[in-house]
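Text of the file protein29.pdb, holding PDB, C-alpha atoms:
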ATOM      1  CA  MET A 314     113.103 320.714  -1.142
ATOM      2  CA  PRO A 315     109.887 320.238  -3.097
ATOM      3  CA  LEU A 316     106.542 320.606  -1.367
ATOM      4  CA  PRO A 317     104.582 317.453  -0.609
ATOM      5  CA  GLU A 318     101.890 316.623  -3.131
ATOM      6  CA  GLY A 319      98.708 318.583  -2.460
ATOM      7  CA  PHE A 320     100.412 320.950   0.009
ATOM      8  CA  LEU A 321      99.361 324.126  -1.811
ATOM      9  CA  GLU A 322      95.758 322.939  -2.020
ATOM     10  CA  ILE A 323      95.725 322.234   1.705
ATOM     11  CA  TYR A 324      97.259 325.678   2.336
ATOM     12  CA  LYS A 325      94.613 327.366   0.171
ATOM     13  CA  LEU A 326      91.854 325.440   1.925
ATOM     14  CA  SER A 327      93.264 326.410   5.339
ATOM     15  CA  VAL A 328      93.287 330.094   4.397
ATOM     16  CA  GLU A 329      89.753 329.845   3.005
ATOM     17  CA  MET A 330      88.487 328.162   6.188
ATOM     18  CA  ALA A 331      90.078 330.872   8.346
ATOM     19  CA  ASP A 332      88.347 333.492   6.199
ATOM     20  CA  ARG A 333      85.038 331.675   6.607
ATOM     21  CA  VAL A 334      85.381 331.676  10.387
ATOM     22  CA  SER A 335      86.009 335.432  10.250
ATOM     23  CA  ALA A 336      82.929 335.901   8.070
ATOM     24  CA  ARG A 337      80.774 333.840  10.455
ATOM     25  CA  ARG A 338      82.124 335.901  13.330
ATOM     26  CA  ALA A 339      81.114 339.135  11.586
ATOM     27  CA  ILE A 340      77.619 337.796  10.876
ATOM     28  CA  ALA A 341      77.227 336.691  14.501
ATOM     29  CA  SER A 342      78.328 340.124  15.715
ATOM     30  CA  SER A 343      75.810 341.831  13.432
ATOM     31  CA  PHE A 344      73.055 339.592  14.772
ATOM     32  CA  PHE A 345      73.943 340.204  18.417
ATOM     33  CA  LEU A 346      74.355 343.946  17.852
ATOM     34  CA  THR A 347      70.871 344.075  16.331
ATOM     35  CA  VAL A 348      69.356 342.077  19.204
ATOM     36  CA  GLN A 349      71.097 344.181  21.847
ATOM     37  CA  SER A 350      70.130 347.449  20.163
ATOM     38  CA  GLY A 351      66.515 346.291  20.073
ATOM     39  CA  LEU A 352      66.569 345.289  23.734
ATOM     40  CA  VAL A 353      68.080 348.611  24.804
ATOM     41  CA  ALA A 354      65.521 350.505  22.720
ATOM     42  CA  PHE A 355      62.779 348.374  24.243
ATOM     43  CA  LEU A 356      64.090 349.252  27.720
ATOM     44  CA  ALA A 357      63.634 352.941  26.943
ATOM     45  CA  PHE A 358      59.965 352.583  25.994
ATOM     46  CA  VAL A 359      58.650 349.981  28.436
ATOM     47  CA  ASP A 360      57.211 350.789  31.839
ATOM     48  CA  GLY A 361      57.458 348.097  34.483
ATOM     49  CA  GLN A 362      59.074 344.684  34.173
ATOM     50  CA  ARG A 363      62.220 346.229  32.713
ATOM     51  CA  TRP A 364      64.213 343.812  34.809
ATOM     52  CA  SER A 365      63.161 340.950  32.523
ATOM     53  CA  ILE A 366      64.367 342.794  29.421
ATOM     54  CA  ALA A 367      67.600 343.761  31.181
ATOM     55  CA  LEU A 368      68.107 340.177  32.303
ATOM     56  CA  ALA A 369      67.621 338.976  28.722
ATOM     57  CA  GLY A 370      70.152 341.608  27.608
ATOM     58  CA  ILE A 371      72.664 340.327  30.158
ATOM     59  CA  VAL A 372      72.250 336.753  28.917
ATOM     60  CA  VAL A 373      72.620 337.882  25.283
ATOM     61  CA  ALA A 374      75.719 339.986  26.084
ATOM     62  CA  VAL A 375      77.445 337.126  27.910
ATOM     63  CA  THR A 376      76.528 334.674  25.144
ATOM     64  CA  TRP A 377      77.855 337.105  22.527
ATOM     65  CA  TRP A 378      81.147 337.581  24.366
ATOM     66  CA  LEU A 379      81.620 333.822  24.826
ATOM     67  CA  LEU A 380      80.840 333.123  21.158
ATOM     68  CA  LEU A 381      83.320 335.774  20.017
ATOM     69  CA  ARG A 382      85.945 334.274  22.316
ATOM     70  CA  SER A 383      85.319 330.879  20.754
ATOM     71  CA  TYR A 384      85.694 332.313  17.237
ATOM     72  CA  ARG A 385      88.931 334.086  18.248
ATOM     73  CA  GLN A 386      90.361 330.849  19.666
ATOM     74  CA  LEU A 387      89.381 328.935  16.538
ATOM     75  CA  ASN A 388      90.954 331.522  14.248
ATOM     76  CA  ARG A 389      94.083 331.718  16.401
ATOM     77  CA  ALA A 390      94.563 327.967  15.950
ATOM     78  CA  LYS A 391      93.893 328.182  12.209
ATOM     79  CA  TYR A 392      96.429 330.978  11.740
ATOM     80  CA  ARG A 393      99.062 329.126  13.767
ATOM     81  CA  ILE A 394      98.676 326.250  11.338
ATOM     82  CA  ILE A 395      98.828 328.632   8.364
ATOM     83  CA  HIS A 396     101.991 330.236   9.763
ATOM     84  CA  GLU A 397     103.591 326.819  10.210
ATOM     85  CA  MET A 398     102.686 325.888   6.629
ATOM     86  CA  GLU A 399     104.137 329.177   5.362
ATOM     87  CA  LYS A 400     107.558 328.157   6.687
ATOM     88  CA  GLN A 401     107.694 325.718   3.775
ATOM     89  CA  LEU A 402     106.597 328.285   1.175
ATOM     90  CA  PRO A 403     108.766 330.833  -0.633
ATOM     91  CA  ALA A 404     106.626 333.638   0.873
ATOM     92  CA  ALA A 405     104.758 333.954   4.167
ATOM     93  CA  PRO A 406     102.160 336.697   3.641
ATOM     94  CA  TYR A 407     100.156 336.093   6.819
ATOM     95  CA  ALA A 408     103.189 335.833   9.086
ATOM     96  CA  ASP A 409     104.720 338.922   7.437
ATOM     97  CA  GLU A 410     101.471 340.843   7.907
ATOM     98  CA  TRP A 411     101.541 340.183  11.649
ATOM     99  CA  LYS A 412     105.184 341.225  11.869
ATOM    100  CA  ILE A 413     104.202 344.566  10.367
ATOM    101  CA  LEU A 414     101.095 345.039  12.521
ATOM    102  CA  ASP A 415     102.375 343.717  15.849
ATOM    103  CA  LYS A 416     104.692 346.598  16.700
ATOM    104  CA  HIS A 417     104.786 347.985  20.208
ATOM    105  CA  ASP A 418     107.585 350.490  19.621
ATOM    106  CA  VAL A 419     105.341 352.919  17.718
ATOM    107  CA  PRO A 420     103.162 355.667  19.201
ATOM    108  CA  LEU A 421      99.838 354.454  20.578
ATOM    109  CA  ASN A 422      97.832 356.270  17.907
ATOM    110  CA  GLU A 423      99.747 354.370  15.198
ATOM    111  CA  ARG A 424      99.450 350.896  16.726
ATOM    112  CA  TYR A 425      97.235 348.278  15.203
ATOM    113  CA  ALA A 426      94.016 347.945  17.181
ATOM    114  CA  ALA A 427      93.169 344.278  16.870
ATOM    115  CA  LEU A 428      89.572 343.693  15.866
ATOM    116  CA  GLY A 429      89.331 340.951  18.474
ATOM    117  CA  LEU A 430      90.119 343.457  21.217
ATOM    118  CA  ILE A 431      87.660 346.019  19.888
ATOM    119  CA  GLU A 432      84.850 343.531  19.453
ATOM    120  CA  GLN A 433      85.271 342.289  23.029
ATOM    121  CA  VAL A 434      84.415 345.739  24.364
ATOM    122  CA  ILE A 435      81.020 346.040  22.660
ATOM    123  CA  PRO A 436      79.323 343.093  24.436
ATOM    124  CA  VAL A 437      80.793 344.353  27.733
ATOM    125  CA  VAL A 438      79.287 347.803  27.110
ATOM    126  CA  PHE A 439      75.882 346.228  26.489
ATOM    127  CA  LEU A 440      76.359 344.074  29.575
ATOM    128  CA  ALA A 441      77.007 347.210  31.637
ATOM    129  CA  ILE A 442      73.951 348.980  30.182
ATOM    130  CA  ASN A 443      71.755 346.012  31.030
ATOM    131  CA  VAL A 444      73.188 345.600  34.532
ATOM    132  CA  VAL A 445      72.534 349.288  35.245
ATOM    133  CA  ALA A 446      68.993 348.942  33.866
ATOM    134  CA  LEU A 447      68.414 345.833  35.978
ATOM    135  CA  LEU A 448      69.691 347.485  39.151
ATOM    136  CA  TRP A 449      67.717 350.644  38.385
ATOM    137  CA  ASP A 450      64.496 348.661  37.919
ATOM    138  CA  LEU A 451      65.032 346.631  41.103
ATOM    139  CA  LYS A 452      65.690 349.809  43.102
TER     140      LYS A 452
END
Just give me the structure of the file as structure tokens.
Amino acid sequence: MPLPEGFLEIYKLSVEMADRVSARRAIASSFFLTVQSGLVAFLAFVDGQRWSIALAGIVVAVTWWLLLRSYRQLNRAKYRIIHEMEKQLPAAPYADEWKILDKHDVPLNERYAALGLIEQVIPVVFLAINVVALLWDLK
């Protein structure tokens, strides 16, 4: 069965848009990591009113986590569409990639550590640092 006219172009555009979302996500993470690092460094050198810096750090950490969640949801939807489109193609590179990576019957040290899972931890770590700093300053 031949592909509908323009199908490959739509597929290519879908893959490109998914890649762009991933790139925007990486840029956002770099920005938030820089801001959080600066706030934590600032906490170490400031006397008094640390609570306000810690509170800002908490807001930034929560915002970062929510933004990353939004990017993950957007990419998940994009890749579902790509996987559906690949069912009509002679090869399905993205679906095949996930079949290879998504194995739970291998030792833990050989399992794929999804970037989405790893990147969720970093804002939570900064959140914890800022909560401890806030509680310490209010003590």
Any idea what the distance is between CA of Glu432 in chain A and CA of Ala408 in chain A?
22.4 Å
List the spatial neighbours of range 384-394 of chain A as a count of residues only - criterion: any atom at most 7 Å away, all atoms listed in the file, same-chain residues fewer than 5 positions off excluded.
4
The centre and edge lengths of an axis-aligned box containing all atoms of range 337-343 of chain A present in the file, extended by 3 Å on each side, are to be given in Å to one decimal, as AutoDock Vina command-line options.
--center_x 79.0 --center_y 337.8 --center_z 13.1 --size_x 12.3 --size_y 14.0 --size_z 11.3
Closest contacts (range 411-447 of chain A/range 346-350 of chain A, max 10 Å, only C-alpha atoms) as CSV:
residue,atom,partner,partner_atom,distance
A:Ile435,CA,A:Leu346,CA,8.5
A:Pro436,CA,A:Leu346,CA,8.3
A:Phe439,CA,A:Gln349,CA,7.0
A:Leu440,CA,A:Gln349,CA,9.3
A:Asn443,CA,A:Gln349,CA,9.4
Residue nearest Ile395 in chain A among A:Leu428, A:Leu380, A:Leu316, A:Met330 (counting all atoms listed in the file):
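For Ile395 in chain A, the nearest of the given residues is A:Met330.
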Could you pull out every residue with an atom within 10 Å of (87.1, 337.3, 27.4), file coordinates, counting all atoms listed in the file, and send them as a list in words?
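Result, sorted by chain then residue number: Val375, Trp378, Leu379, Leu380, Leu381, Arg382, Ser383, Arg385, Gly429, Leu430, Gln433, Val434 and Val437 of chain A.
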If I take CA of Ile366 in chain A and CA of Val353 in chain A, how far is one from the other in Å, to one decimal?
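Atom-to-atom, CA of Ile366 in chain A and CA of Val353 in chain A are spaced 8.3 Å apart.
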To one decimal place, how far is CA of Pro406 in chain A from CA of Met314 in chain A in Å?
20.0 Å
Quick one: which residues end up in the PyMOL selection byres ((chain A and resi 448) around 12) for this structure, as a PyMOL selection string?
chain A and resi 363-365+367-368+371+441-447+449-452
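Counting all atoms listed in the file, the residue from A:Val373, A:Leu421, A:Val328, A:Glu322 that sits nearest to Phe344 in chain A is A:Val373.
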Find, counting all atoms listed in the file, the residue in A:Phe345, A:Glu399, A:Trp377, A:Gly370 that gets nearest to Lys325 in chain A.
A:Glu399
Please, could N, CA and C atoms be added to range 411-436 of chain A and the result written as a compact mmCIF listing (two decimals), in the frame of the given file?
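Written output follows (rebuild04.txt):
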# COMPACT_ATOMS: atom_id res chain seq x y z
N TRP A 411 101.54 340.02 10.20
CA TRP A 411 101.54 340.18 11.65
C TRP A 411 102.83 340.83 12.15
N LYS A 412 103.93 340.57 11.48
CA LYS A 412 105.18 341.22 11.87
C LYS A 412 105.06 342.74 11.69
N ILE A 413 104.39 343.14 10.63
CA ILE A 413 104.20 344.57 10.37
C ILE A 413 103.22 345.18 11.38
N LEU A 414 102.14 344.49 11.66
CA LEU A 414 101.10 345.04 12.52
C LEU A 414 101.42 344.97 14.01
N ASP A 415 102.15 343.97 14.43
CA ASP A 415 102.38 343.72 15.85
C ASP A 415 103.61 344.46 16.35
N LYS A 416 103.57 345.77 16.25
CA LYS A 416 104.69 346.60 16.70
C LYS A 416 104.26 347.37 17.94
N HIS A 417 105.09 347.28 18.96
CA HIS A 417 104.79 347.98 20.21
C HIS A 417 105.71 349.18 20.41
N ASP A 418 106.64 349.39 19.48
CA ASP A 418 107.58 350.49 19.62
C ASP A 418 107.15 351.72 18.82
N VAL A 419 105.87 351.76 18.44
CA VAL A 419 105.34 352.92 17.72
C VAL A 419 104.38 353.66 18.64
N PRO A 420 104.11 354.93 18.36
CA PRO A 420 103.16 355.67 19.20
C PRO A 420 101.79 354.96 19.25
N LEU A 421 101.11 355.13 20.35
CA LEU A 421 99.84 354.45 20.58
C LEU A 421 98.83 354.72 19.46
N ASN A 422 98.80 355.94 18.96
CA ASN A 422 97.83 356.27 17.91
C ASN A 422 98.17 355.62 16.57
N GLU A 423 99.36 355.04 16.43
CA GLU A 423 99.75 354.37 15.20
C GLU A 423 99.73 352.85 15.32
N ARG A 424 99.47 352.34 16.52
CA ARG A 424 99.45 350.90 16.73
C ARG A 424 98.20 350.28 16.13
N TYR A 425 98.36 349.06 15.73
CA TYR A 425 97.24 348.28 15.20
C TYR A 425 96.30 347.94 16.35
N ALA A 426 95.04 348.29 16.19
CA ALA A 426 94.02 347.94 17.18
C ALA A 426 93.35 346.67 16.70
N ALA A 427 93.69 345.57 17.31
CA ALA A 427 93.17 344.28 16.87
C ALA A 427 91.64 344.26 16.96
N LEU A 428 91.03 343.77 15.91
CA LEU A 428 89.57 343.69 15.87
C LEU A 428 89.04 342.86 17.02
N GLY A 429 89.75 341.80 17.37
CA GLY A 429 89.33 340.95 18.47
C GLY A 429 89.23 341.73 19.78
N LEU A 430 90.15 342.65 20.01
CA LEU A 430 90.12 343.46 21.22
C LEU A 430 88.94 344.43 21.17
N ILE A 431 88.75 345.05 20.03
CA ILE A 431 87.66 346.02 19.89
C ILE A 431 86.31 345.34 20.05
N GLU A 432 86.15 344.19 19.41
CA GLU A 432 84.85 343.53 19.45
C GLU A 432 84.53 342.95 20.82
N GLN A 433 85.52 342.76 21.67
CA GLN A 433 85.27 342.29 23.03
C GLN A 433 84.63 343.37 23.88
N VAL A 434 84.91 344.62 23.57
CA VAL A 434 84.42 345.74 24.36
C VAL A 434 82.91 345.94 24.16
N ILE A 435 82.43 345.75 22.96
CA ILE A 435 81.02 346.04 22.66
C ILE A 435 80.06 345.18 23.49
N PRO A 436 80.22 343.86 23.56
CA PRO A 436 79.32 343.09 24.44
C PRO A 436 79.42 343.51 25.91
